[in-house]
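Data block below; observations after.
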Amino acid sequence: MAVSNHEDGQPKEYYSSIEEWTQATAKKDTGQESGRIIPFDFGGMADFRAARSLEQQVHPALTPYRLQPSGGYLAVIPGGKIWGSTGTVLSADGRLIFELSQEYDSQEHRMLTADEHPVFRQWNSPYLLEVPGTVAVLSFCGSPNYYHWLYDVLPRYAMLQAAGIHYTALVMNPNPYGAFVEETFAMLGIPEAAVIRASPGLYMRPGQLLVPSLMMNSHYPPWTTQTLRRLLLPYRDLALCTPGRIFVSRRHAEARRIVNEEDVVHCLEQYGFTSVCLEDYTVAEQIQMFAAADAIAGPHGAGLANLAFCRPGTKVIEIFHERHIVPTYWMISNHNDLDYYMLYAKGCPNPAVPYTGLEDIRVDTERLRQTLDLAELNA
């Protein structure tokens, strides 16, 4: 039976890394079971091929390299605590474990440092709820975003499955956007009753916490894409009749829209593309749409996370704001052996939009046409 204790004090210090936590706890003789780290193997070398493009200078983030995935683990934290609206992980001695609790500043559009963490600035003196057993933590600051849900939460759920350690509940962030969380819960057989939603009033100390490492700290290894395919591809909607060539529109998005989208769609239609808004489809339908496509084009955005479900050799054309290049979907294309192309678009500065990555863009349709020809997507 869960009971409430008087409030704990506000955390004042932090462990930067899980290694720092293990070293510190190993030196202490508290009479409590010590924590442990269970290594997790993400597999062999990752190879990344250069993006193909008409551009004279392709951004360095889209150029070839090799990487051995590392840094995967599950942390078992006896007496650890969970706090707040994003599921901050605290050690038994009340310190922030920053490596497992990273935060993003949506105003400044950057990751926060440990010193800037909300646990030091927004402490609300909550009552500590003590519960028995093991609670697993899958919270991540960006999880309301479809890409981050797929790549920063679901692979960590697979890590829990692989570990085989019994837990009584899962801590996850609330999801205010769309139905994709509930739909993937149903696919994976996760009952809502087993989920604890992070909230401003959450302050809980189970017998122990079980926390998988963050995918971003291991550079999103190919294992993440392989895992998503294993978990979700079996649930694609095979009954959906899908076009062979898809343009992923952002016309309903709040940012990064194509201002001349009508011209872009007209150009793409001549090459057999059909414009779709992914918000109109279930997750199962989106998976089927990408799994069945021969070619996919679109501006940089979370919907392209569905490239995880494409067949090898599928042609991809990603359109970037020329001053906002993020290699996320190039990375997934490499994981899946897709035929990836990119082109730059001009930003549309707006005094009301202080961050380049949120600006709308204008696409040069002639450059788009030349890129389609380069990809041998004949009209």
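Each chain in the structure tokens gets a letter, A, B, ..., in the order shown, and its residues are numbered from 1; ligands are numbered from 1 in order too.
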>> Quick check for you: according to DSSP on this backbone, which residues of range 64-254 of chain A are classed as strand (DSSP E)? Reply as a PyMOL selection string.
In response: chain A and resi 65-67+73-78+81-83+88-90+96-97+104-105+110-111+129-130+134-137+169-172+195-197+203-205+208-212+245-248
> Any idea what's packed within 12 Å of Cys241 in chain A, counting only C-alpha atoms, ignoring anything in its chain fewer than 6 positions away? Could you give it as a ChimeraX atom specification?
Replying inline: /A:285-286,288-293
Can I get the selected residues back with all heavy atoms, as a JSON list (two decimals), in the first residue's frame?
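Generated file (again24.json):
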[["chain", "number", "residue", "atom", "x", "y", "z"],
["A", 285, "GLU", "N", -1.45, 3.03, -40.30],
["A", 285, "GLU", "CA", -1.56, 3.46, -41.69],
["A", 285, "GLU", "C", -0.27, 4.14, -42.16],
["A", 285, "GLU", "O", 0.16, 3.95, -43.30],
["A", 285, "GLU", "CB", -2.76, 4.39, -41.85],
["A", 285, "GLU", "CG", -4.09, 3.66, -41.71],
["A", 285, "GLU", "CD", -5.27, 4.62, -41.66],
["A", 285, "GLU", "OE1", -5.09, 5.80, -41.26],
["A", 285, "GLU", "OE2", -6.39, 4.19, -41.99],
["A", 286, "GLN", "N", 0.33, 4.94, -41.30],
["A", 286, "GLN", "CA", 1.59, 5.59, -41.65],
["A", 286, "GLN", "C", 2.69, 4.56, -41.90],
["A", 286, "GLN", "O", 3.48, 4.67, -42.84],
["A", 286, "GLN", "CB", 2.02, 6.55, -40.54],
["A", 286, "GLN", "CG", 1.13, 7.78, -40.39],
["A", 286, "GLN", "CD", 1.60, 8.69, -39.28],
["A", 286, "GLN", "OE1", 2.78, 9.04, -39.20],
["A", 286, "GLN", "NE2", 0.69, 9.12, -38.42],
["A", 288, "GLN", "N", 2.32, 1.49, -42.89],
["A", 288, "GLN", "CA", 2.05, 0.83, -44.17],
["A", 288, "GLN", "C", 2.40, 1.74, -45.34],
["A", 288, "GLN", "O", 2.98, 1.29, -46.35],
["A", 288, "GLN", "CB", 0.58, 0.42, -44.24],
["A", 288, "GLN", "CG", 0.09, -0.06, -45.59],
["A", 288, "GLN", "CD", 0.82, -1.31, -46.09],
["A", 288, "GLN", "OE1", 1.56, -1.94, -45.35],
["A", 288, "GLN", "NE2", 0.61, -1.65, -47.36],
["A", 289, "MET", "N", 2.08, 3.02, -45.23],
["A", 289, "MET", "CA", 2.33, 3.97, -46.31],
["A", 289, "MET", "C", 3.82, 4.04, -46.63],
["A", 289, "MET", "O", 4.24, 3.99, -47.80],
["A", 289, "MET", "CB", 1.79, 5.34, -45.90],
["A", 289, "MET", "CG", 1.73, 6.35, -47.02],
["A", 289, "MET", "SD", 1.02, 7.92, -46.45],
["A", 289, "MET", "CE", -0.60, 7.40, -45.89],
["A", 290, "PHE", "N", 4.65, 4.11, -45.60],
["A", 290, "PHE", "CA", 6.09, 4.21, -45.82],
["A", 290, "PHE", "C", 6.68, 2.86, -46.22],
["A", 290, "PHE", "O", 7.60, 2.81, -47.05],
["A", 290, "PHE", "CB", 6.78, 4.74, -44.56],
["A", 290, "PHE", "CG", 6.74, 6.25, -44.45],
["A", 290, "PHE", "CD1", 5.54, 6.92, -44.22],
["A", 290, "PHE", "CD2", 7.89, 7.00, -44.57],
["A", 290, "PHE", "CE1", 5.49, 8.30, -44.12],
["A", 290, "PHE", "CE2", 7.86, 8.39, -44.47],
["A", 290, "PHE", "CZ", 6.65, 9.05, -44.25],
["A", 291, "ALA", "N", 6.15, 1.78, -45.66],
["A", 291, "ALA", "CA", 6.66, 0.45, -46.00],
["A", 291, "ALA", "C", 6.40, 0.09, -47.45],
["A", 291, "ALA", "O", 7.16, -0.67, -48.07],
["A", 291, "ALA", "CB", 6.03, -0.60, -45.08],
["A", 292, "ALA", "N", 5.32, 0.65, -48.02],
["A", 292, "ALA", "CA", 4.93, 0.31, -49.39],
["A", 292, "ALA", "C", 5.47, 1.29, -50.43],
["A", 292, "ALA", "O", 5.40, 1.02, -51.63],
["A", 292, "ALA", "CB", 3.41, 0.25, -49.49],
["A", 293, "ALA", "N", 6.03, 2.42, -49.99],
["A", 293, "ALA", "CA", 6.43, 3.48, -50.94],
["A", 293, "ALA", "C", 7.73, 3.15, -51.65],
["A", 293, "ALA", "O", 8.62, 2.48, -51.12],
["A", 293, "ALA", "CB", 6.57, 4.80, -50.20]]
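Of the listed residues (A:Arg245, A:His321, A:Arg230, A:Arg251), A:Arg230 comes nearest to Ala308 in chain A; the distances count only C-alpha atoms.
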>> Measuring between only C-alpha atoms, which one of A:Phe185, A:Pro78, A:Glu269, A:Ala305 shows the shortest distance to Asp152 in chain A?
In response: A:Ala305
>> List the spatial neighbours of Leu188 in chain A as a list of chain:residue names - criterion: any atom at most 8 Å away, only C-alpha atoms, same-chain residues fewer than 2 positions off excluded.
In response: A:Thr184, A:Phe185, A:Ala186, A:Ile190, A:Leu231, A:Leu232
Mind dumping the selected residues with N, CA, C and O atoms as a compact mmCIF listing (two decimals), in the first residue's frame?
# COMPACT_ATOMS: atom_id res chain seq x y z
N THR A 184 0.40 3.06 -30.20
CA THR A 184 1.55 2.17 -30.04
C THR A 184 1.45 1.36 -28.75
O THR A 184 1.92 0.22 -28.71
N PHE A 185 0.85 1.92 -27.70
CA PHE A 185 0.57 1.13 -26.50
C PHE A 185 -0.23 -0.12 -26.87
O PHE A 185 0.07 -1.23 -26.43
N ALA A 186 -1.27 0.07 -27.69
CA ALA A 186 -2.13 -1.05 -28.07
C ALA A 186 -1.34 -2.08 -28.87
O ALA A 186 -1.50 -3.29 -28.68
N ILE A 190 0.74 -2.67 -23.94
CA ILE A 190 1.00 -1.95 -22.69
C ILE A 190 -0.32 -1.41 -22.15
O ILE A 190 -0.93 -0.54 -22.78
N LEU A 231 9.25 -4.21 -33.56
CA LEU A 231 8.11 -3.97 -32.67
C LEU A 231 6.84 -3.60 -33.42
O LEU A 231 5.74 -4.03 -33.05
N LEU A 232 6.97 -2.76 -34.47
CA LEU A 232 5.78 -2.12 -35.04
C LEU A 232 5.39 -2.56 -36.45
O LEU A 232 4.21 -2.49 -36.81
Within 12 Å of range 358-360 of chain A, counting only C-alpha atoms, which residues qualify if same-chain residues fewer than 6 places away don't, as a compact mmCIF listing (two decimals) with N, CA and C atoms, in the first residue's frame?
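Below you can see out-v3.txt, which holds the result:
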# COMPACT_ATOMS: atom_id res chain seq x y z
N SER A 106 12.64 25.20 -24.52
CA SER A 106 11.84 25.46 -25.73
C SER A 106 11.83 26.94 -26.10
N GLN A 107 12.28 27.81 -25.21
CA GLN A 107 12.37 29.23 -25.53
C GLN A 107 13.69 29.55 -26.23
N HIS A 109 15.71 27.09 -27.39
CA HIS A 109 15.94 26.01 -28.36
C HIS A 109 17.34 25.42 -28.23
N ARG A 250 3.60 19.59 -44.70
CA ARG A 250 3.53 20.20 -43.36
C ARG A 250 2.56 21.38 -43.34
N ARG A 251 1.60 21.37 -44.24
CA ARG A 251 0.73 22.55 -44.33
C ARG A 251 -0.12 22.75 -43.08
N ALA A 253 1.10 22.13 -40.04
CA ALA A 253 2.03 22.32 -38.93
C ALA A 253 2.07 23.80 -38.52
N GLU A 254 2.62 24.05 -37.34
CA GLU A 254 2.72 25.42 -36.85
C GLU A 254 4.03 26.07 -37.28
N ALA A 255 4.95 25.30 -37.79
CA ALA A 255 6.26 25.84 -38.16
C ALA A 255 6.85 25.05 -39.31
N ARG A 256 7.87 25.64 -39.94
CA ARG A 256 8.62 24.99 -41.02
C ARG A 256 7.73 24.52 -42.16
N ARG A 257 6.79 25.36 -42.54
CA ARG A 257 5.93 25.05 -43.69
C ARG A 257 6.60 25.54 -44.98
N ILE A 258 6.17 25.00 -46.09
CA ILE A 258 6.65 25.45 -47.40
C ILE A 258 5.68 26.51 -47.91
N VAL A 259 6.14 27.73 -48.06
CA VAL A 259 5.23 28.83 -48.41
C VAL A 259 4.73 28.69 -49.85
N ASN A 260 5.50 28.08 -50.71
CA ASN A 260 5.06 27.87 -52.10
C ASN A 260 4.73 26.39 -52.31
N GLU A 261 4.04 25.80 -51.35
CA GLU A 261 3.76 24.36 -51.42
C GLU A 261 2.93 24.01 -52.64
N PRO A 299 9.76 18.16 -46.45
CA PRO A 299 10.62 19.00 -45.63
C PRO A 299 10.97 18.28 -44.33
N HIS A 300 12.06 18.68 -43.74
CA HIS A 300 12.49 18.11 -42.46
C HIS A 300 11.37 18.23 -41.43
N GLY A 301 11.02 17.11 -40.79
CA GLY A 301 9.96 17.11 -39.80
C GLY A 301 9.73 15.73 -39.25
N ILE A 319 14.05 18.05 -47.73
CA ILE A 319 14.23 19.48 -48.01
C ILE A 319 14.55 20.19 -46.69
N PHE A 320 15.70 20.87 -46.65
CA PHE A 320 16.16 21.56 -45.45
C PHE A 320 16.10 23.07 -45.60
N HIS A 321 15.79 23.77 -44.52
CA HIS A 321 16.12 25.18 -44.43
C HIS A 321 17.64 25.27 -44.55
N GLU A 322 18.14 26.15 -45.41
CA GLU A 322 19.57 26.18 -45.70
C GLU A 322 20.44 26.47 -44.48
N ARG A 323 19.84 26.99 -43.40
CA ARG A 323 20.62 27.27 -42.18
C ARG A 323 20.14 26.45 -40.99
N HIS A 324 19.40 25.38 -41.29
CA HIS A 324 18.96 24.50 -40.21
C HIS A 324 19.05 23.06 -40.71
N ILE A 325 20.21 22.45 -40.49
CA ILE A 325 20.47 21.10 -41.00
C ILE A 325 20.58 20.15 -39.81
N ALA A 345 16.50 24.84 -49.05
CA ALA A 345 15.45 25.82 -49.38
C ALA A 345 15.77 27.12 -48.64
N LYS A 346 15.26 28.21 -49.14
CA LYS A 346 15.49 29.52 -48.52
C LYS A 346 14.56 29.71 -47.33
N GLY A 347 15.11 30.25 -46.25
CA GLY A 347 14.28 30.59 -45.11
C GLY A 347 13.48 31.85 -45.36
N CYS A 348 12.36 31.98 -44.66
CA CYS A 348 11.51 33.16 -44.75
C CYS A 348 11.52 33.86 -43.38
N PRO A 349 12.48 34.77 -43.17
CA PRO A 349 12.61 35.41 -41.85
C PRO A 349 11.32 36.09 -41.44
N ASN A 350 11.03 35.99 -40.15
CA ASN A 350 9.82 36.57 -39.58
C ASN A 350 10.17 37.04 -38.17
N PRO A 351 9.96 38.34 -37.86
CA PRO A 351 10.30 38.84 -36.53
C PRO A 351 9.62 38.07 -35.40
N ALA A 352 8.50 37.46 -35.69
CA ALA A 352 7.78 36.70 -34.68
C ALA A 352 8.35 35.30 -34.47
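Residues surrounding Met159 in chain A within 9 Å are Phe40, Tyr73, Leu74, Leu154, Pro155, Arg156, Tyr157, Gln161, Ala162, Ala163, Gly164 and Pro212 of chain A [only C-alpha atoms; sequence separation below 2 positions excluded].
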>> Just list as number ranges by chain whatever in range 46-160 of chain A DSSP marks as helix (DSSP H, G or I).
In response: A: 60-62, 98-100, 114-116, 118-121, 146-160
May I have the residues from that selection written out with N, CA and C atoms, as a PDB file, in the first residue's frame?
ATOM      1  N   PRO A  60      28.438  19.309 -43.260  1.00  0.00           N
ATOM      2  CA  PRO A  60      29.309  18.269 -42.683  1.00  0.00           C
ATOM      3  C   PRO A  60      28.557  17.179 -41.922  1.00  0.00           C
ATOM      4  N   ALA A  61      27.383  17.510 -41.380  1.00  0.00           N
ATOM      5  CA  ALA A  61      26.601  16.515 -40.634  1.00  0.00           C
ATOM      6  C   ALA A  61      26.044  15.422 -41.535  1.00  0.00           C
ATOM      7  N   LEU A  62      26.115  15.618 -42.853  1.00  0.00           N
ATOM      8  CA  LEU A  62      25.568  14.652 -43.802  1.00  0.00           C
ATOM      9  C   LEU A  62      26.671  13.975 -44.615  1.00  0.00           C
ATOM     10  N   PHE A  98      22.030  13.627 -13.880  1.00  0.00           N
ATOM     11  CA  PHE A  98      21.794  14.458 -15.063  1.00  0.00           C
ATOM     12  C   PHE A  98      21.784  13.657 -16.355  1.00  0.00           C
ATOM     13  N   GLU A  99      22.659  12.664 -16.465  1.00  0.00           N
ATOM     14  CA  GLU A  99      22.741  11.881 -17.705  1.00  0.00           C
ATOM     15  C   GLU A  99      21.414  11.221 -18.052  1.00  0.00           C
ATOM     16  N   LEU A 100      20.584  10.945 -17.056  1.00  0.00           N
ATOM     17  CA  LEU A 100      19.290  10.302 -17.277  1.00  0.00           C
ATOM     18  C   LEU A 100      18.127  11.290 -17.258  1.00  0.00           C
ATOM     19  N   ALA A 114      23.431  20.986 -16.607  1.00  0.00           N
ATOM     20  CA  ALA A 114      22.989  20.419 -15.335  1.00  0.00           C
ATOM     21  C   ALA A 114      22.625  21.518 -14.333  1.00  0.00           C
ATOM     22  N   ASP A 115      23.416  22.584 -14.284  1.00  0.00           N
ATOM     23  CA  ASP A 115      23.155  23.676 -13.337  1.00  0.00           C
ATOM     24  C   ASP A 115      21.823  24.367 -13.609  1.00  0.00           C
ATOM     25  N   GLU A 116      21.350  24.308 -14.862  1.00  0.00           N
ATOM     26  CA  GLU A 116      20.113  24.979 -15.248  1.00  0.00           C
ATOM     27  C   GLU A 116      18.882  24.101 -15.091  1.00  0.00           C
ATOM     28  N   PRO A 118      15.534  22.185 -14.224  1.00  0.00           N
ATOM     29  CA  PRO A 118      14.342  22.664 -13.494  1.00  0.00           C
ATOM     30  C   PRO A 118      14.259  22.204 -12.042  1.00  0.00           C
ATOM     31  N   VAL A 119      14.876  21.073 -11.702  1.00  0.00           N
ATOM     32  CA  VAL A 119      14.791  20.602 -10.314  1.00  0.00           C
ATOM     33  C   VAL A 119      15.438  21.599  -9.363  1.00  0.00           C
ATOM     34  N   PHE A 120      16.362  22.434  -9.861  1.00  0.00           N
ATOM     35  CA  PHE A 120      17.012  23.445  -9.030  1.00  0.00           C
ATOM     36  C   PHE A 120      16.287  24.790  -9.076  1.00  0.00           C
ATOM     37  N   ARG A 121      15.369  24.945 -10.023  1.00  0.00           N
ATOM     38  CA  ARG A 121      14.743  26.255 -10.238  1.00  0.00           C
ATOM     39  C   ARG A 121      13.230  26.252 -10.029  1.00  0.00           C
ATOM     40  N   TYR A 146       6.548  13.061 -32.178  1.00  0.00           N
ATOM     41  CA  TYR A 146       6.441  11.716 -32.765  1.00  0.00           C
ATOM     42  C   TYR A 146       7.808  11.067 -32.979  1.00  0.00           C
ATOM     43  N   TYR A 147       8.770  11.822 -33.511  1.00  0.00           N
ATOM     44  CA  TYR A 147      10.107  11.249 -33.700  1.00  0.00           C
ATOM     45  C   TYR A 147      10.679  10.800 -32.364  1.00  0.00           C
ATOM     46  N   HIS A 148      10.639  11.672 -31.355  1.00  0.00           N
ATOM     47  CA  HIS A 148      11.259  11.339 -30.075  1.00  0.00           C
ATOM     48  C   HIS A 148      10.510  10.215 -29.366  1.00  0.00           C
ATOM     49  N   TRP A 149       9.201  10.122 -29.581  1.00  0.00           N
ATOM     50  CA  TRP A 149       8.471   8.988 -29.021  1.00  0.00           C
ATOM     51  C   TRP A 149       9.001   7.683 -29.617  1.00  0.00           C
ATOM     52  N   LEU A 150       9.159   7.665 -30.947  1.00  0.00           N
ATOM     53  CA  LEU A 150       9.641   6.456 -31.596  1.00  0.00           C
ATOM     54  C   LEU A 150      11.084   6.142 -31.234  1.00  0.00           C
ATOM     55  N   TYR A 151      11.944   7.157 -31.210  1.00  0.00           N
ATOM     56  CA  TYR A 151      13.380   6.901 -31.107  1.00  0.00           C
ATOM     57  C   TYR A 151      13.980   7.097 -29.708  1.00  0.00           C
ATOM     58  N   ASP A 152      13.280   7.798 -28.834  1.00  0.00           N
ATOM     59  CA  ASP A 152      13.819   8.018 -27.490  1.00  0.00           C
ATOM     60  C   ASP A 152      13.038   7.304 -26.399  1.00  0.00           C
ATOM     61  N   VAL A 153      11.882   6.752 -26.737  1.00  0.00           N
ATOM     62  CA  VAL A 153      11.091   6.044 -25.731  1.00  0.00           C
ATOM     63  C   VAL A 153      10.947   4.563 -26.074  1.00  0.00           C
ATOM     64  N   LEU A 154      10.419   4.245 -27.237  1.00  0.00           N
ATOM     65  CA  LEU A 154      10.129   2.844 -27.549  1.00  0.00           C
ATOM     66  C   LEU A 154      11.367   1.935 -27.561  1.00  0.00           C
ATOM     67  N   PRO A 155      12.526   2.364 -28.077  1.00  0.00           N
ATOM     68  CA  PRO A 155      13.697   1.477 -27.977  1.00  0.00           C
ATOM     69  C   PRO A 155      14.099   1.200 -26.525  1.00  0.00           C
ATOM     70  N   ARG A 156      13.880   2.162 -25.646  1.00  0.00           N
ATOM     71  CA  ARG A 156      14.207   1.946 -24.225  1.00  0.00           C
ATOM     72  C   ARG A 156      13.223   0.955 -23.601  1.00  0.00           C
ATOM     73  N   TYR A 157      11.993   0.932 -24.101  1.00  0.00           N
ATOM     74  CA  TYR A 157      11.048  -0.104 -23.667  1.00  0.00           C
ATOM     75  C   TYR A 157      11.569  -1.483 -24.084  1.00  0.00           C
ATOM     76  N   ALA A 158      12.135  -1.566 -25.278  1.00  0.00           N
ATOM     77  CA  ALA A 158      12.705  -2.834 -25.741  1.00  0.00           C
ATOM     78  C   ALA A 158      13.894  -3.243 -24.884  1.00  0.00           C
ATOM     79  N   MET A 159      14.656  -2.287 -24.395  1.00  0.00           N
ATOM     80  CA  MET A 159      15.763  -2.597 -23.494  1.00  0.00           C
ATOM     81  C   MET A 159      15.243  -3.212 -22.201  1.00  0.00           C
ATOM     82  N   LEU A 160      14.133  -2.690 -21.691  1.00  0.00           N
ATOM     83  CA  LEU A 160      13.517  -3.278 -20.496  1.00  0.00           C
ATOM     84  C   LEU A 160      13.097  -4.714 -20.765  1.00  0.00           C
TER      85      LEU A 160
END
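The closest residue to Leu278 in chain A, picked from A:Ser249, A:Asn378, A:Ser91, A:Thr63 and counting only C-alpha atoms, is A:Ser249.
If you look at CA of Glu130 in chain A and CA of Glu13 in chain A, they are 22.0 Å away from each other.
Those residues that approach Ser17 in chain A to within 9 Å, counting only C-alpha atoms, are Tyr14, Tyr15, Glu19, Glu20, Trp21, Thr22, Ile97, Phe98, Glu99 and Leu100 of chain A; same-chain residues fewer than 2 positions away are not listed.
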Go ahead and save the residues from that selection, with all heavy atoms, as a CSV table (one decimal), in the first residue's frame.
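The new file result-v9.csv reads:
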chain,number,residue,atom,x,y,z
A,14,TYR,N,24.3,17.4,-8.1
A,14,TYR,CA,24.0,16.4,-9.1
A,14,TYR,C,25.2,15.6,-9.4
A,14,TYR,O,26.3,15.9,-9.1
A,14,TYR,CB,23.5,17.2,-10.4
A,14,TYR,CG,24.5,18.1,-11.0
A,14,TYR,CD1,25.5,17.7,-11.9
A,14,TYR,CD2,24.5,19.5,-10.7
A,14,TYR,CE1,26.5,18.6,-12.4
A,14,TYR,CE2,25.4,20.4,-11.2
A,14,TYR,CZ,26.4,19.9,-12.1
A,14,TYR,OH,27.3,20.8,-12.6
A,15,TYR,N,24.9,14.4,-10.0
A,15,TYR,CA,25.9,13.6,-10.6
A,15,TYR,C,25.8,13.8,-12.1
A,15,TYR,O,24.7,13.7,-12.7
A,15,TYR,CB,25.6,12.1,-10.4
A,15,TYR,CG,25.7,11.7,-8.9
A,15,TYR,CD1,24.6,11.3,-8.2
A,15,TYR,CD2,26.9,11.8,-8.2
A,15,TYR,CE1,24.6,10.9,-6.9
A,15,TYR,CE2,27.0,11.4,-6.9
A,15,TYR,CZ,25.8,11.0,-6.2
A,15,TYR,OH,25.9,10.7,-4.9
A,19,GLU,N,28.4,7.1,-14.5
A,19,GLU,CA,29.7,6.6,-13.9
A,19,GLU,C,30.0,7.4,-12.6
A,19,GLU,O,30.5,6.8,-11.7
A,19,GLU,CB,30.8,6.8,-15.0
A,19,GLU,CG,32.1,6.3,-14.5
A,19,GLU,CD,33.2,6.6,-15.6
A,19,GLU,OE1,32.9,7.2,-16.6
A,19,GLU,OE2,34.3,6.1,-15.3
A,20,GLU,N,29.8,8.7,-12.6
A,20,GLU,CA,30.0,9.4,-11.4
A,20,GLU,C,29.1,8.9,-10.2
A,20,GLU,O,29.6,8.9,-9.1
A,20,GLU,CB,29.7,10.9,-11.7
A,20,GLU,CG,30.2,11.9,-10.6
A,20,GLU,CD,30.0,13.3,-11.0
A,20,GLU,OE1,30.2,13.6,-12.2
A,20,GLU,OE2,29.5,14.1,-10.1
A,21,TRP,N,27.9,8.6,-10.6
A,21,TRP,CA,27.0,8.1,-9.5
A,21,TRP,C,27.5,6.7,-9.0
A,21,TRP,O,27.5,6.5,-7.8
A,21,TRP,CB,25.5,7.9,-10.1
A,21,TRP,CG,24.6,7.2,-9.2
A,21,TRP,CD1,24.0,7.6,-8.1
A,21,TRP,CD2,24.2,5.8,-9.4
A,21,TRP,NE1,23.3,6.6,-7.5
A,21,TRP,CE2,23.3,5.5,-8.4
A,21,TRP,CE3,24.4,4.9,-10.4
A,21,TRP,CZ2,22.7,4.2,-8.2
A,21,TRP,CZ3,23.8,3.6,-10.3
A,21,TRP,CH2,22.9,3.3,-9.2
A,22,THR,N,27.9,5.8,-9.9
A,22,THR,CA,28.3,4.5,-9.4
A,22,THR,C,29.6,4.7,-8.6
A,22,THR,O,29.7,3.9,-7.6
A,22,THR,CB,28.6,3.6,-10.6
A,22,THR,OG1,29.5,4.2,-11.5
A,22,THR,CG2,27.3,3.3,-11.3
A,97,ILE,N,20.5,12.9,-11.2
A,97,ILE,CA,21.4,12.1,-12.1
A,97,ILE,C,21.2,12.7,-13.5
A,97,ILE,O,20.2,12.3,-14.2
A,97,ILE,CB,21.1,10.6,-12.1
A,97,ILE,CG1,21.2,10.1,-10.6
A,97,ILE,CG2,22.1,9.9,-13.0
A,97,ILE,CD1,20.9,8.6,-10.5
A,98,PHE,N,22.0,13.6,-13.9
A,98,PHE,CA,21.8,14.5,-15.1
A,98,PHE,C,21.8,13.7,-16.4
A,98,PHE,O,21.0,13.9,-17.3
A,98,PHE,CB,22.8,15.6,-15.1
A,98,PHE,CG,22.7,16.5,-16.3
A,98,PHE,CD1,21.5,17.3,-16.4
A,98,PHE,CD2,23.6,16.6,-17.3
A,98,PHE,CE1,21.4,18.1,-17.5
A,98,PHE,CE2,23.5,17.4,-18.4
A,98,PHE,CZ,22.3,18.2,-18.5
A,99,GLU,N,22.7,12.7,-16.5
A,99,GLU,CA,22.7,11.9,-17.7
A,99,GLU,C,21.4,11.2,-18.1
A,99,GLU,O,21.1,11.0,-19.2
A,99,GLU,CB,23.8,10.8,-17.6
A,99,GLU,CG,24.1,10.0,-18.8
A,99,GLU,CD,25.3,9.1,-18.6
A,99,GLU,OE1,26.4,9.5,-18.3
A,99,GLU,OE2,25.1,7.9,-18.8
A,100,LEU,N,20.6,10.9,-17.1
A,100,LEU,CA,19.3,10.3,-17.3
A,100,LEU,C,18.1,11.3,-17.3
A,100,LEU,O,17.0,10.9,-17.4
A,100,LEU,CB,19.1,9.2,-16.2
A,100,LEU,CG,20.0,8.0,-16.2
A,100,LEU,CD1,19.8,7.1,-15.0
A,100,LEU,CD2,19.9,7.3,-17.5
When you look at Leu374 in chain A with a cut-off of 9 Å (counting only C-alpha atoms), what residues show up, excluding the ones that are within fewer than 6 positions of it in the same chain? I need them as a short mmCIF file (atom, residue, chain, number, x, y, z; two decimals) with N, CA, C and O atoms, in the first residue's frame.
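Output (out_22.cif):
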data_model
loop_
_atom_site.label_atom_id
_atom_site.label_comp_id
_atom_site.auth_asym_id
_atom_site.auth_seq_id
_atom_site.Cartn_x
_atom_site.Cartn_y
_atom_site.Cartn_z
N ARG A 52 23.36 12.43 -51.18
CA ARG A 52 23.55 12.81 -52.57
C ARG A 52 22.78 14.09 -52.84
O ARG A 52 21.67 14.28 -52.33
N SER A 53 23.35 14.99 -53.63
CA SER A 53 22.74 16.30 -53.80
C SER A 53 23.35 17.05 -54.97
O SER A 53 24.47 16.76 -55.40
N LEU A 54 22.60 18.04 -55.45
CA LEU A 54 23.12 19.00 -56.42
C LEU A 54 23.95 20.07 -55.76
O LEU A 54 24.70 20.78 -56.42
N TYR A 341 18.66 11.64 -50.78
CA TYR A 341 19.03 12.89 -51.46
C TYR A 341 18.55 14.06 -50.62
O TYR A 341 17.60 13.95 -49.84
#
